[in-house]
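Colleague: Got a file for you: my_file-v3.cif, mmCIF, C-alpha atoms.
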```cif
data_run
#
loop_
_atom_site.label_atom_id
_atom_site.label_comp_id
_atom_site.auth_asym_id
_atom_site.auth_seq_id
_atom_site.Cartn_x
_atom_site.Cartn_y
_atom_site.Cartn_z
CA MET N 1 93.23 -53.22 90.06
CA THR N 2 91.08 -50.25 91.03
CA HIS N 3 91.59 -46.78 89.57
CA VAL N 4 92.92 -45.69 92.95
CA GLU N 5 95.54 -48.44 92.99
CA ASN N 6 96.69 -47.66 89.44
CA GLU N 7 96.87 -43.95 90.15
CA LEU N 8 98.68 -44.16 93.46
CA SER N 9 101.21 -46.56 91.92
CA SER N 10 102.09 -44.05 89.20
CA GLN N 11 103.14 -41.30 91.60
CA PRO N 12 106.94 -41.62 91.30
CA GLU N 13 106.78 -41.01 87.55
CA CYS N 14 104.36 -38.09 88.03
CA TRP N 15 106.67 -36.52 90.60
CA ILE N 16 109.62 -36.72 88.22
CA ARG N 17 107.65 -34.87 85.53
CA ALA N 18 106.41 -32.24 87.95
CA ALA N 19 109.90 -31.53 89.27
CA GLU N 20 111.21 -31.19 85.72
CA GLN N 21 108.48 -28.66 84.89
CA ALA N 22 108.87 -26.51 88.01
CA THR N 23 111.27 -24.09 86.33
CA ALA N 24 109.05 -23.69 83.28
CA HIS N 25 106.13 -22.66 85.49
CA GLY N 26 108.22 -20.30 87.59
CA GLY N 27 106.47 -17.13 86.44
CA ALA N 28 103.10 -18.47 87.54
CA LEU N 29 104.29 -19.59 90.97
CA PRO N 30 105.02 -17.38 93.99
CA ALA N 31 108.30 -15.46 93.89
CA ALA N 32 110.50 -15.24 96.96
CA GLY N 33 109.38 -12.37 99.15
CA GLU N 34 105.78 -12.30 97.99
CA ARG N 35 103.03 -12.50 100.60
CA VAL N 36 101.02 -15.52 99.50
CA ALA N 37 97.91 -17.49 100.38
CA PHE N 38 97.08 -20.99 99.18
CA VAL N 39 93.45 -22.10 98.96
CA GLY N 40 91.74 -25.40 98.26
CA CYS N 41 88.99 -27.77 99.34
CA GLY N 42 89.27 -31.24 100.83
CA THR N 43 92.53 -32.89 99.77
CA SER N 44 93.64 -29.70 98.04
CA LEU N 45 93.25 -27.78 101.30
CA PHE N 46 95.62 -30.17 103.08
CA MET N 47 98.17 -29.87 100.27
CA ALA N 48 97.78 -26.09 100.54
CA GLN N 49 98.54 -26.27 104.26
CA ALA N 50 101.67 -28.33 103.62
CA ALA N 51 102.86 -25.99 100.86
CA ALA N 52 102.26 -22.89 102.95
CA SER N 53 104.26 -24.28 105.86
CA LEU N 54 107.13 -25.35 103.60
CA ARG N 55 107.32 -21.95 101.93
CA GLU N 56 107.26 -19.85 105.06
CA ARG N 57 109.63 -22.08 107.02
CA SER N 58 112.12 -21.98 104.13
CA GLY N 59 112.25 -18.19 104.42
CA GLN N 60 110.59 -17.36 101.11
CA GLY N 61 107.82 -15.16 102.47
CA GLU N 62 104.76 -14.99 104.68
CA THR N 63 102.38 -17.71 103.56
CA ASP N 64 98.90 -18.73 104.72
CA ALA N 65 96.50 -21.51 103.75
CA PHE N 66 92.70 -21.45 103.86
CA ALA N 67 89.73 -23.52 102.89
CA ALA N 68 88.46 -21.67 99.83
CA SER N 69 85.12 -21.09 101.55
CA GLU N 70 86.89 -19.39 104.47
CA PHE N 71 89.25 -17.08 102.58
CA PRO N 72 89.38 -13.74 104.46
CA ASP N 73 88.55 -10.88 102.13
CA THR N 74 90.01 -8.43 104.67
CA ARG N 75 93.60 -9.64 104.13
CA SER N 76 95.99 -8.43 101.46
CA TYR N 77 98.24 -10.77 99.47
CA ASP N 78 100.59 -10.41 96.52
CA ARG N 79 99.33 -13.70 95.10
CA VAL N 80 96.72 -16.34 95.86
CA VAL N 81 97.35 -19.88 94.60
CA ALA N 82 94.32 -22.16 94.19
CA LEU N 83 94.71 -25.94 94.06
CA THR N 84 91.85 -27.66 92.22
CA ARG N 85 92.10 -30.98 90.41
CA SER N 86 88.78 -30.60 88.59
CA GLY N 87 88.86 -26.86 87.94
CA THR N 88 85.14 -26.73 88.71
CA THR N 89 84.92 -26.57 92.51
CA THR N 90 82.41 -23.89 93.44
CA GLU N 91 84.16 -22.42 96.46
CA VAL N 92 87.46 -22.06 94.58
CA LEU N 93 85.81 -20.35 91.62
CA ASP N 94 83.94 -17.99 93.95
CA THR N 95 87.17 -17.01 95.70
CA LEU N 96 88.99 -16.37 92.43
CA ALA N 97 86.07 -14.26 91.18
CA ARG N 98 86.22 -12.07 94.29
CA LEU N 99 89.96 -11.56 93.85
CA ARG N 100 89.90 -10.65 90.16
CA GLY N 101 91.37 -7.23 89.51
CA ARG N 102 92.85 -6.76 92.97
CA THR N 103 95.10 -9.76 93.69
CA ARG N 104 97.09 -11.84 91.21
CA THR N 105 95.91 -15.45 91.20
CA THR N 106 97.29 -18.77 90.03
CA ALA N 107 95.38 -22.03 89.63
CA ILE N 108 97.08 -25.43 89.68
CA THR N 109 94.73 -27.90 88.00
CA ALA N 110 94.55 -31.15 86.05
CA ASP N 111 92.11 -29.89 83.42
CA PRO N 112 92.64 -26.60 81.56
CA LYS N 113 89.29 -26.92 79.75
CA THR N 114 87.33 -25.93 82.83
CA PRO N 115 86.13 -22.62 84.31
CA VAL N 116 89.23 -22.17 86.46
CA ALA N 117 91.30 -21.42 83.34
CA GLN N 118 89.34 -18.20 82.87
CA ALA N 119 88.94 -17.45 86.56
CA ALA N 120 92.67 -17.25 87.40
CA ASP N 121 95.31 -14.89 86.03
CA ASP N 122 97.85 -17.71 85.64
CA ILE N 123 97.33 -21.43 85.27
CA VAL N 124 99.59 -24.43 85.82
CA VAL N 125 98.34 -27.62 84.19
CA LEU N 126 99.29 -31.05 85.53
CA ASP N 127 97.11 -33.03 83.13
CA PHE N 128 99.46 -36.02 83.25
CA ALA N 129 98.47 -36.43 86.91
CA ASP N 130 94.71 -36.30 86.35
CA GLU N 131 92.65 -39.14 87.77
CA GLN N 132 89.56 -41.20 87.07
CA SER N 133 88.99 -41.94 90.73
CA VAL N 134 86.88 -39.78 93.01
CA VAL N 135 89.54 -40.25 95.69
CA GLN N 136 92.57 -38.04 95.04
CA THR N 137 96.05 -39.50 95.24
CA ARG N 138 98.53 -38.63 92.51
CA PHE N 139 97.23 -35.18 91.53
CA ALA N 140 97.52 -33.92 95.09
CA THR N 141 101.02 -35.25 95.70
CA THR N 142 102.18 -34.16 92.23
CA ALA N 143 100.97 -30.61 92.85
CA LEU N 144 102.85 -30.56 96.16
CA THR N 145 105.95 -31.97 94.44
CA LEU N 146 105.79 -29.14 91.90
CA LEU N 147 105.70 -26.63 94.73
CA ARG N 148 108.49 -28.38 96.66
CA ALA N 149 110.65 -28.31 93.53
CA HIS N 150 109.84 -24.63 92.98
CA LEU N 151 111.04 -23.97 96.54
CA GLY N 152 114.22 -25.98 95.97
CA LEU N 153 113.11 -28.67 98.43
CA HIS N 154 112.63 -31.68 96.11
CA THR N 155 115.30 -34.35 95.65
CA ASP N 156 115.62 -37.64 93.79
CA ALA N 157 115.53 -39.37 97.18
CA VAL N 158 111.83 -38.51 97.50
CA VAL N 159 111.05 -40.48 94.35
CA ALA N 160 113.21 -43.39 95.52
CA ASP N 161 111.37 -43.44 98.84
CA ALA N 162 108.01 -43.52 97.05
CA ARG N 163 109.12 -46.51 95.01
CA THR N 164 110.23 -48.22 98.20
CA VAL N 165 106.86 -47.83 99.94
CA LEU N 166 105.02 -49.08 96.85
CA GLN N 167 106.96 -52.34 97.05
CA ALA N 168 107.28 -52.91 100.78
CA PRO N 169 104.56 -54.75 102.73
CA LEU N 170 102.46 -52.78 105.18
CA PRO N 171 103.34 -53.24 108.86
CA GLU N 172 102.01 -56.53 110.21
CA GLY N 173 98.61 -56.22 111.87
CA LEU N 174 98.04 -52.64 110.74
CA VAL N 175 95.09 -53.37 108.45
CA ASP N 176 93.15 -55.03 111.28
CA ARG N 177 93.24 -52.03 113.63
CA THR N 178 89.91 -50.43 114.51
CA GLN N 179 91.14 -46.82 114.71
CA PHE N 180 93.98 -44.87 113.08
CA THR N 181 95.59 -41.59 114.14
CA PHE N 182 98.05 -39.71 111.92
CA LEU N 183 100.46 -37.17 113.37
CA GLY N 184 102.64 -34.51 111.78
CA ARG N 185 104.87 -31.56 112.57
CA GLY N 186 105.23 -28.39 110.51
CA TRP N 187 104.42 -29.11 106.88
CA THR N 188 103.57 -32.73 107.61
CA VAL N 189 100.51 -31.76 109.67
CA GLY N 190 98.76 -31.22 106.33
CA LEU N 191 99.95 -34.64 105.17
CA ALA N 192 98.62 -36.25 108.36
CA ARG N 193 95.22 -34.66 107.76
CA GLU N 194 95.26 -35.91 104.19
CA ALA N 195 96.19 -39.45 105.27
CA ALA N 196 93.23 -39.47 107.66
CA LEU N 197 90.92 -38.19 104.92
CA LYS N 198 92.02 -41.00 102.59
CA MET N 199 91.15 -43.56 105.24
CA ARG N 200 87.71 -42.05 105.77
CA GLU N 201 86.95 -41.69 102.06
CA ALA N 202 88.16 -45.05 100.80
CA ALA N 203 87.65 -47.31 103.83
CA LEU N 204 85.04 -45.55 106.01
CA ALA N 205 87.60 -45.91 108.80
CA TRP N 206 87.63 -44.11 112.14
CA THR N 207 90.61 -41.83 111.68
CA GLU N 208 91.92 -38.64 113.25
CA ALA N 209 94.89 -36.34 112.64
CA TYR N 210 96.75 -33.93 114.91
CA PRO N 211 99.95 -31.94 115.25
CA ALA N 212 102.20 -34.42 117.03
CA MET N 213 102.74 -32.28 120.13
CA GLU N 214 98.95 -32.03 120.58
CA TYR N 215 98.43 -35.79 120.72
CA ARG N 216 99.26 -35.96 124.42
CA HIS N 217 96.71 -33.22 125.16
CA GLY N 218 93.71 -35.57 125.11
CA PRO N 219 93.67 -37.68 121.92
CA ILE N 220 96.08 -40.30 123.30
CA SER N 221 93.26 -41.34 125.64
CA ILE N 222 91.71 -43.45 122.87
CA ALA N 223 94.90 -45.43 122.20
CA THR N 224 94.54 -49.15 122.95
CA ARG N 225 95.76 -52.49 121.64
CA SER N 226 93.30 -52.17 118.76
CA THR N 227 94.48 -48.76 117.51
CA ALA N 228 97.42 -47.44 115.49
CA THR N 229 99.29 -44.13 115.69
CA TRP N 230 101.32 -43.18 112.61
CA MET N 231 103.94 -40.43 112.66
CA LEU N 232 104.73 -38.64 109.39
CA GLY N 233 108.19 -37.20 109.90
CA GLU N 234 110.32 -36.97 113.03
CA ALA N 235 108.46 -37.69 116.26
CA PRO N 236 108.72 -35.54 119.38
CA GLU N 237 111.01 -37.01 122.02
CA GLY N 238 109.35 -39.70 124.12
CA LEU N 239 106.10 -39.86 122.16
CA ALA N 240 106.72 -43.26 120.58
CA GLU N 241 107.37 -44.79 123.99
CA GLN N 242 104.21 -43.24 125.44
CA VAL N 243 102.08 -44.61 122.60
CA ARG N 244 103.60 -48.09 122.84
CA ALA N 245 102.88 -48.08 126.57
CA THR N 246 99.15 -47.86 125.78
CA GLY N 247 99.37 -51.04 123.74
CA ALA N 248 98.72 -49.19 120.48
CA LEU N 249 100.73 -49.93 117.35
CA TRP N 250 103.26 -47.15 116.71
CA VAL N 251 104.18 -46.63 113.04
CA ALA N 252 107.31 -44.54 112.55
CA GLY N 253 107.52 -42.68 109.25
CA ALA N 254 111.19 -43.31 108.48
CA LEU N 255 111.14 -42.16 104.84
CA ASP N 256 110.30 -38.82 103.24
CA PRO N 257 106.88 -37.77 104.60
CA LEU N 258 105.38 -37.46 101.12
CA ALA N 259 106.37 -41.07 100.44
CA GLU N 260 104.85 -42.01 103.80
CA LEU N 261 101.59 -40.47 102.57
CA VAL N 262 101.72 -42.89 99.64
CA ARG N 263 102.06 -45.72 102.15
CA ALA N 264 98.97 -44.40 103.96
CA GLN N 265 97.11 -44.35 100.64
CA ARG N 266 97.98 -48.01 100.23
CA LEU N 267 96.68 -48.68 103.72
CA ALA N 268 93.36 -47.03 102.84
CA VAL N 269 92.95 -49.33 99.84
CA ALA N 270 93.93 -52.39 101.89
CA VAL N 271 91.48 -51.58 104.68
CA ALA N 272 88.74 -50.98 102.11
CA ALA N 273 89.42 -54.39 100.57
CA SER N 274 89.34 -56.07 104.00
CA ARG N 275 85.91 -54.53 104.62
CA GLY N 276 84.48 -55.42 101.21
CA LEU N 277 84.39 -51.79 100.04
CA ASP N 278 85.17 -50.39 96.59
CA PRO N 279 87.56 -47.43 97.02
CA ASP N 280 86.63 -46.18 93.55
CA ARG N 281 83.06 -45.59 94.75
CA PRO N 282 83.31 -43.78 98.08
CA ARG N 283 80.03 -43.24 99.88
CA HIS N 284 78.26 -39.89 99.33
CA LEU N 285 81.18 -38.40 97.35
CA THR N 286 81.62 -37.02 93.83
CA ARG N 287 84.77 -36.07 91.92
CA SER N 288 84.01 -32.36 92.23
CA VAL N 289 81.68 -30.39 94.50
CA ILE N 290 79.61 -28.07 92.33
CA LEU N 291 76.93 -26.13 94.18
CA ASP N 292 73.94 -24.40 92.61
CA GLY N 293 72.94 -20.89 93.60
CA THR N 294 70.49 -22.01 96.27
CA ALA N 295 72.90 -24.38 97.99
CA ARG N 296 75.74 -21.97 98.74
#
```
Would you mind writing the file out in structure tokens?
Modeller:
Amino acid sequence: MTHVENELSSQPECWIRAAEQATAHGGALPAAGERVAFVGCGTSLFMAQAAASLRERSGQGETDAFAASEFPDTRSYDRVVALTRSGTTTEVLDTLARLRGRTRTTAITADPKTPVAQAADDIVVLDFADEQSVVQTRFATTALTLLRAHLGLHTDAVVADARTVLQAPLPEGLVDRTQFTFLGRGWTVGLAREAALKMREAALAWTEAYPAMEYRHGPISIATRSTATWMLGEAPEGLAEQVRATGALWVAGALDPLAELVRAQRLAVAVAASRGLDPDRPRHLTRSVILDGTAR
């Protein structure tokens, strides 16, 4: 098995540990009523978007999410939370450095022996979810599970759903599709974007992601008998029927959306295998993006 396969298969156990630790990390995580921004890069950005939507929609305070490179210095927050598996990502460290002394910061990371431990005011370590693979799977979903548990939105059913998707076969004919579109609503828009990223990273697949209500505003034009459209969460009324009418394969995400993301991770590995690719060695990618002074 590849590192990616081993790591994505271990997610239910990682989620259990993260949920158990949520209370212990409470002082480092946003309190109800705080004005908060989440920042990250790549996969961590999409988890930040999901977490921000969950927090604000649950009534716990205004919450934004930004790519670390695009964080607006003109805005004021009570706390900024940075998601960074490696703890070495240049844009995240730059953002934390700019915020030091004026905004409280928290870093959620897999490795405390990295520069982010000194760059942030508070640190949450999920070292049990660290990964050997370049492609992120379990660290990202474990960090989001920690935040869901902190918000009171995690249940044992999420773990059960993840175990189900790890055992169930992928939908028939899905691996052979030539194009994949992932759709979400609310917090699952971030998950849809992450699912598409996994497909691009691991399988070099043509993938796109949209808020579900936006799909009819142009993107549905590419749907054919060779494409698939996958909904993470509840679909807007009538959308499934419209997609099926194009001949495209409609995949309904019937389980918890985070578990459906695990299913999409499995699809990325399966498509990579069908194309003779090694998902542990994605093209042009490294485990962490570290820029020198001239490249910023």
Colleague: For N:Ser86, which of N:Gly26, N:Gly186, N:Pro279, N:Pro115 is the closest residue, counting all atoms listed in the file?
Modeller: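 Distance minimum relative to N:Ser86 lands on N:Pro115.
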Colleague: Just the residues within 6 Å of N:Ala110, please, counting all atoms listed in the file, with nothing from its chain fewer than 3 positions along; format it as an NGL selection string.
Modeller: :N and (85 or 125-127 or 130)
Colleague: When the PyMOL selection byres ((chain N and resi 124) around 12) is applied to the structure above, which residues does it catch, written out as a VMD selection string?
Modeller: chain N and resid 18 21 to 29 81 to 85 87 105 to 112 116 to 117 120 to 123 125 to 128 142 to 143 146 to 147
Colleague: Which residue out of N:Pro257, N:Gly40, N:Pro30, N:Gly61 has the minimum interatomic distance to N:Ala195 when all atoms listed in the file are used?
Modeller: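 Looking at the shortest contact to N:Ala195, the residue is N:Pro257.
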Colleague: What is the atom CA of N:Leu170 to atom CA of N:Arg263 distance in Å?
Modeller: 7.7 Å
Colleague: In Å, with one decimal, what is the gap from atom CA of N:Ala254 to atom CA of N:Arg17?
Modeller: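 Distance between the two atoms: 24.7 Å.
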Colleague: Which of these residues is nearest to N:Glu34, using all atoms listed in the file: N:Gly247, N:Gly59, N:Pro219, N:Pro12?
Modeller: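 Under the stated criterion, the closest residue is N:Gly59.
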Colleague: One decimal, in Å: what's the spacing between atom CA of N:Leu153 and atom CA of N:Leu54?
Modeller: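 Atom-to-atom, atom CA of N:Leu153 and atom CA of N:Leu54 are spaced 8.6 Å apart.
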Colleague: Name all residues at most 9 Å from N:Asp94 (count only C-alpha atoms; drop same-chain ones fewer than 6 positions away) and give them as a list in words.
Modeller: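 Counting only the stated atoms, we get Ala68, Ser69 and Ala119 of chain N.
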Colleague: Generate a file of the selected residues that holds C-alpha atoms, formatted as a short mmCIF file (atom, residue, chain, number, x, y, z; two decimals), in the frame of the given file.
Modeller:
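What follows is the written file part23.cif:
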```
data_model
loop_
_atom_site.label_atom_id
_atom_site.label_comp_id
_atom_site.auth_asym_id
_atom_site.auth_seq_id
_atom_site.Cartn_x
_atom_site.Cartn_y
_atom_site.Cartn_z
CA ALA N 68 88.46 -21.67 99.83
CA SER N 69 85.12 -21.09 101.55
CA ALA N 119 88.94 -17.45 86.56
#
```
Colleague: Tell me, as an mmCIF file with C-alpha atoms, in the coordinates of the input, which residues lie within 10 Å of N:Ala270, counting all atoms listed in the file; anything in the same chain fewer than 2 positions away does not count.
Modeller:
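The result, stored in out.cif:
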```cif
data_model
loop_
_atom_site.group_PDB
_atom_site.id
_atom_site.type_symbol
_atom_site.label_atom_id
_atom_site.label_comp_id
_atom_site.auth_asym_id
_atom_site.auth_seq_id
_atom_site.Cartn_x
_atom_site.Cartn_y
_atom_site.Cartn_z
ATOM 1 C CA GLU N 5 95.540 -48.440 92.990
ATOM 2 C CA LEU N 170 102.460 -52.780 105.180
ATOM 3 C CA LEU N 174 98.040 -52.640 110.740
ATOM 4 C CA VAL N 175 95.090 -53.370 108.450
ATOM 5 C CA ASP N 176 93.150 -55.030 111.280
ATOM 6 C CA MET N 199 91.150 -43.560 105.240
ATOM 7 C CA ALA N 202 88.160 -45.050 100.800
ATOM 8 C CA ALA N 203 87.650 -47.310 103.830
ATOM 9 C CA ALA N 264 98.970 -44.400 103.960
ATOM 10 C CA GLN N 265 97.110 -44.350 100.640
ATOM 11 C CA ARG N 266 97.980 -48.010 100.230
ATOM 12 C CA LEU N 267 96.680 -48.680 103.720
ATOM 13 C CA ALA N 268 93.360 -47.030 102.840
ATOM 14 C CA ALA N 272 88.740 -50.980 102.110
ATOM 15 C CA ALA N 273 89.420 -54.390 100.570
ATOM 16 C CA SER N 274 89.340 -56.070 104.000
ATOM 17 C CA ARG N 275 85.910 -54.530 104.620
ATOM 18 C CA GLY N 276 84.480 -55.420 101.210
ATOM 19 C CA LEU N 277 84.390 -51.790 100.040
ATOM 20 C CA PRO N 279 87.560 -47.430 97.020
#
```
Colleague: Could I see stretch 199-216 of chain N restored to N, CA and C atoms, set down as a PDB file, keeping the file's coordinate frame?
Modeller:
```
ATOM      1  N   MET N 199      91.703 -42.423 104.526  1.00  0.00           N
ATOM      2  CA  MET N 199      91.150 -43.560 105.240  1.00  0.00           C
ATOM      3  C   MET N 199      89.630 -43.446 105.384  1.00  0.00           C
ATOM      4  N   ARG N 200      89.164 -42.239 105.639  1.00  0.00           N
ATOM      5  CA  ARG N 200      87.710 -42.050 105.770  1.00  0.00           C
ATOM      6  C   ARG N 200      87.016 -42.236 104.421  1.00  0.00           C
ATOM      7  N   GLU N 201      87.582 -41.635 103.369  1.00  0.00           N
ATOM      8  CA  GLU N 201      86.950 -41.690 102.060  1.00  0.00           C
ATOM      9  C   GLU N 201      86.907 -43.117 101.503  1.00  0.00           C
ATOM     10  N   ALA N 202      88.050 -43.762 101.482  1.00  0.00           N
ATOM     11  CA  ALA N 202      88.160 -45.050 100.800  1.00  0.00           C
ATOM     12  C   ALA N 202      87.685 -46.215 101.643  1.00  0.00           C
ATOM     13  N   ALA N 203      87.893 -46.143 102.971  1.00  0.00           N
ATOM     14  CA  ALA N 203      87.650 -47.310 103.830  1.00  0.00           C
ATOM     15  C   ALA N 203      86.609 -47.075 104.914  1.00  0.00           C
ATOM     16  N   LEU N 204      86.015 -45.889 104.975  1.00  0.00           N
ATOM     17  CA  LEU N 204      85.040 -45.550 106.010  1.00  0.00           C
ATOM     18  C   LEU N 204      85.606 -45.811 107.405  1.00  0.00           C
ATOM     19  N   ALA N 205      86.907 -45.580 107.561  1.00  0.00           N
ATOM     20  CA  ALA N 205      87.600 -45.910 108.800  1.00  0.00           C
ATOM     21  C   ALA N 205      87.532 -44.756 109.793  1.00  0.00           C
ATOM     22  N   TRP N 206      87.564 -45.112 111.077  1.00  0.00           N
ATOM     23  CA  TRP N 206      87.630 -44.110 112.140  1.00  0.00           C
ATOM     24  C   TRP N 206      89.071 -43.615 112.190  1.00  0.00           C
ATOM     25  N   THR N 207      89.275 -42.393 111.730  1.00  0.00           N
ATOM     26  CA  THR N 207      90.610 -41.830 111.680  1.00  0.00           C
ATOM     27  C   THR N 207      90.614 -40.393 112.183  1.00  0.00           C
ATOM     28  N   GLU N 208      91.740 -40.002 112.765  1.00  0.00           N
ATOM     29  CA  GLU N 208      91.920 -38.640 113.250  1.00  0.00           C
ATOM     30  C   GLU N 208      93.322 -38.188 112.872  1.00  0.00           C
ATOM     31  N   ALA N 209      93.570 -36.887 112.940  1.00  0.00           N
ATOM     32  CA  ALA N 209      94.890 -36.340 112.640  1.00  0.00           C
ATOM     33  C   ALA N 209      95.148 -35.135 113.527  1.00  0.00           C
ATOM     34  N   TYR N 210      96.392 -35.009 113.995  1.00  0.00           N
ATOM     35  CA  TYR N 210      96.750 -33.930 114.910  1.00  0.00           C
ATOM     36  C   TYR N 210      98.194 -33.495 114.685  1.00  0.00           C
ATOM     37  N   PRO N 211      98.535 -32.259 115.061  1.00  0.00           N
ATOM     38  CA  PRO N 211      99.950 -31.940 115.250  1.00  0.00           C
ATOM     39  C   PRO N 211     100.497 -32.858 116.342  1.00  0.00           C
ATOM     40  N   ALA N 212     101.685 -33.378 116.136  1.00  0.00           N
ATOM     41  CA  ALA N 212     102.200 -34.420 117.030  1.00  0.00           C
ATOM     42  C   ALA N 212     102.251 -33.984 118.491  1.00  0.00           C
ATOM     43  N   MET N 213     102.626 -32.735 118.746  1.00  0.00           N
ATOM     44  CA  MET N 213     102.740 -32.280 120.130  1.00  0.00           C
ATOM     45  C   MET N 213     101.375 -32.156 120.808  1.00  0.00           C
ATOM     46  N   GLU N 214     100.302 -32.127 120.026  1.00  0.00           N
ATOM     47  CA  GLU N 214      98.950 -32.030 120.580  1.00  0.00           C
ATOM     48  C   GLU N 214      98.382 -33.388 120.973  1.00  0.00           C
ATOM     49  N   TYR N 215      99.011 -34.463 120.512  1.00  0.00           N
ATOM     50  CA  TYR N 215      98.430 -35.790 120.720  1.00  0.00           C
ATOM     51  C   TYR N 215      98.329 -36.146 122.195  1.00  0.00           C
ATOM     52  N   ARG N 216      99.279 -35.661 122.992  1.00  0.00           N
ATOM     53  CA  ARG N 216      99.260 -35.960 124.420  1.00  0.00           C
ATOM     54  C   ARG N 216      98.238 -35.120 125.184  1.00  0.00           C
TER      55      ARG N 216
END
```
